[in-house]
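**Student:** Take this structure first; my questions come after.
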Amino acid sequence: MKIDDVPQDQIRTFKGYGTKAVYAVDAKGRYTKTATNGWEVEEVVLRDVLADFEVLAAQAKQRVLQGKSSPIEFFVYKRLMDIPALAQAMGIARWRVRRHLNPKVFRKLNDRMLQRYADLFRIQLAALKNFKENTTIDPDS
C-alpha cells in the first residue's frame, strides 16, 4: 500500500488515543512508517473480536458458577487473553495454567500464586478467591 492510500477513517476505537504506526511504500518504493487514525474494516473486525470475548467470558462465568471451572477462566477472557498468552504472562507452562482451571486444583493454590494471577488480571485477590459471592465482578471497574 502506498502512503497516500493509508486509510484515515477516523474510527471510534482510536478516539482519545491519536494514531498508530503502519508501514507503507513511499515515493521511492521503500517501506516506511506512517500514521493512520484507523480503518473502518479494522474496527469492524475489532468489535467482532471483542464481542466474541464477551461471549466466552459469559460462558466461562456460568461454568465457574456451576463448579466446572475456576475463576481464572472468566478473567482470562475478560482481559482478552487465551491460555497460551496467560501462561506466557505468568511465566509458567500452559499445562499448569490449564490445571489451574480445574476448580479442585484452584482451591489448593497458595495465596502467592493467586496474587500473581490477581495482579495480572488487575483485580483484588478477594475477587479471585470469592468469585461465587461476587457474581457482579467487573474487572474493568
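Residues are named by chain letter and number: chains run A, B, ... in the order of the C-alpha cells, numbers start at 1 in each chain, and ligands are numbered from 1 in the order shown.
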With a distance cut-off of 9 Å and only C-alpha atoms, select the neighbouring residues of segment 37-48 of chain A, excluding the residue or stretch itself and same-chain residues fewer than 3 positions from it, and output the selection as an MDAnalysis selection string.
**Tutor:** chainID A and resid 6:15 18:21 51:53
**Student:** Produce a file of the selected residues containing C-alpha atoms, as a compact mmCIF listing (two decimals), in the first residue's frame.
**Tutor:**
```
# COMPACT_ATOMS: atom_id res chain seq x y z
CA VAL A 6 -3.24 4.50 4.00
CA PRO A 7 -6.79 4.70 5.42
CA GLN A 8 -7.68 7.69 7.57
CA ASP A 9 -11.22 6.73 8.57
CA GLN A 10 -11.31 8.44 12.00
CA ILE A 11 -12.59 5.27 13.70
CA ARG A 12 -14.18 5.50 17.14
CA THR A 13 -11.79 2.92 18.60
CA PHE A 14 -8.92 5.41 18.31
CA LYS A 15 -10.74 8.39 19.83
CA GLY A 18 -4.40 9.54 18.47
CA THR A 19 -2.90 7.44 15.72
CA LYS A 20 -0.96 4.25 15.20
CA ALA A 21 2.01 3.49 13.00
CA ALA A 51 -17.95 -9.40 21.21
CA ASP A 52 -16.56 -12.93 20.91
CA PHE A 53 -14.52 -12.45 24.09
```
**Student:** Choose the residue, out of A:Arg107, A:Lys2, A:Arg79, A:Lys28, that has the smallest atom-to-atom separation from Arg122 of chain A; count only C-alpha atoms.
**Tutor:**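 Using only C-alpha atoms, Arg122 of chain A sits closest to A:Arg79.
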**Student:** Identify, on the basis of only C-alpha atoms, every residue whose closest approach to Gln59 of chain A does not exceed 10 Å; exclude the query and any residue fewer than 6 positions from it along the same chain; express the result as a ChimeraX atom specification.
**Tutor:** /A:53,73-74,77
**Student:** Could you pull the residues within 12 Å of Asp82 of chain A, counting only C-alpha atoms, minus those fewer than 2 positions along the same chain, as a list in words?
**Tutor:**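 Residues meeting the cut-off are Phe53, Leu56, Ala57, Ile72, Glu73, Phe74, Phe75, Val76, Tyr77, Lys78, Arg79, Leu80, Pro84, Ala85, Leu86, Ala87, Gln88, Ala89, Arg94, Val97 and Arg98 of chain A.
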**Student:** Taking the chain letters and numbering used in this document, name the residues of segment 17-70 of chain A that DSSP puts in strand (DSSP E or B), as a list of chain:residue names.
**Tutor:**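 Filtering segment 17-70 of chain A down to strand (DSSP E or B) leaves A:Lys20, A:Ala21, A:Val22, A:Tyr23, A:Ala24, A:Val25, A:Tyr31, A:Thr32, A:Lys33, A:Thr34, A:Ala35, A:Thr36.
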**Student:** Applying 12 Å and only C-alpha atoms, which residues near Val25 of chain A remain after dropping the ones on its own chain fewer than 5 positions away? List them as number ranges by chain.
**Tutor:** A: 1-6, 30-34
**Student:** For the selection just defined, write its residues with C-alpha atoms to a file, as a short mmCIF file (atom, residue, chain, number, x, y, z; two decimals), in the first residue's frame.
**Tutor:**
```cif
data_model
loop_
_atom_site.label_atom_id
_atom_site.label_comp_id
_atom_site.auth_asym_id
_atom_site.auth_seq_id
_atom_site.Cartn_x
_atom_site.Cartn_y
_atom_site.Cartn_z
CA MET A 1 0.00 0.00 0.00
CA LYS A 2 1.29 3.45 -0.84
CA ILE A 3 1.48 6.17 1.80
CA ASP A 4 -1.30 8.14 0.08
CA ASP A 5 -3.56 5.07 0.24
CA VAL A 6 -3.24 4.50 4.00
CA ARG A 30 10.79 1.82 0.19
CA TYR A 31 8.78 0.71 3.18
CA THR A 32 8.45 3.45 5.73
CA LYS A 33 6.36 4.14 8.82
CA THR A 34 3.38 6.41 8.51
#
```
**Student:** Taking only C-alpha atoms into account, which of A:Asp26, A:Val49, A:Phe106, A:Asp111 comes nearest Ala126 of chain A?
**Tutor:** A:Asp111
**Student:** Would you list, as a PyMOL selection string, the residues of segment 12-138 of chain A that end up in alpha helix (DSSP H) under DSSP run on this structure's backbone?
**Tutor:** chain A and resi 40-65+71-78+83-90+94-100+103-108+111-121+125-129
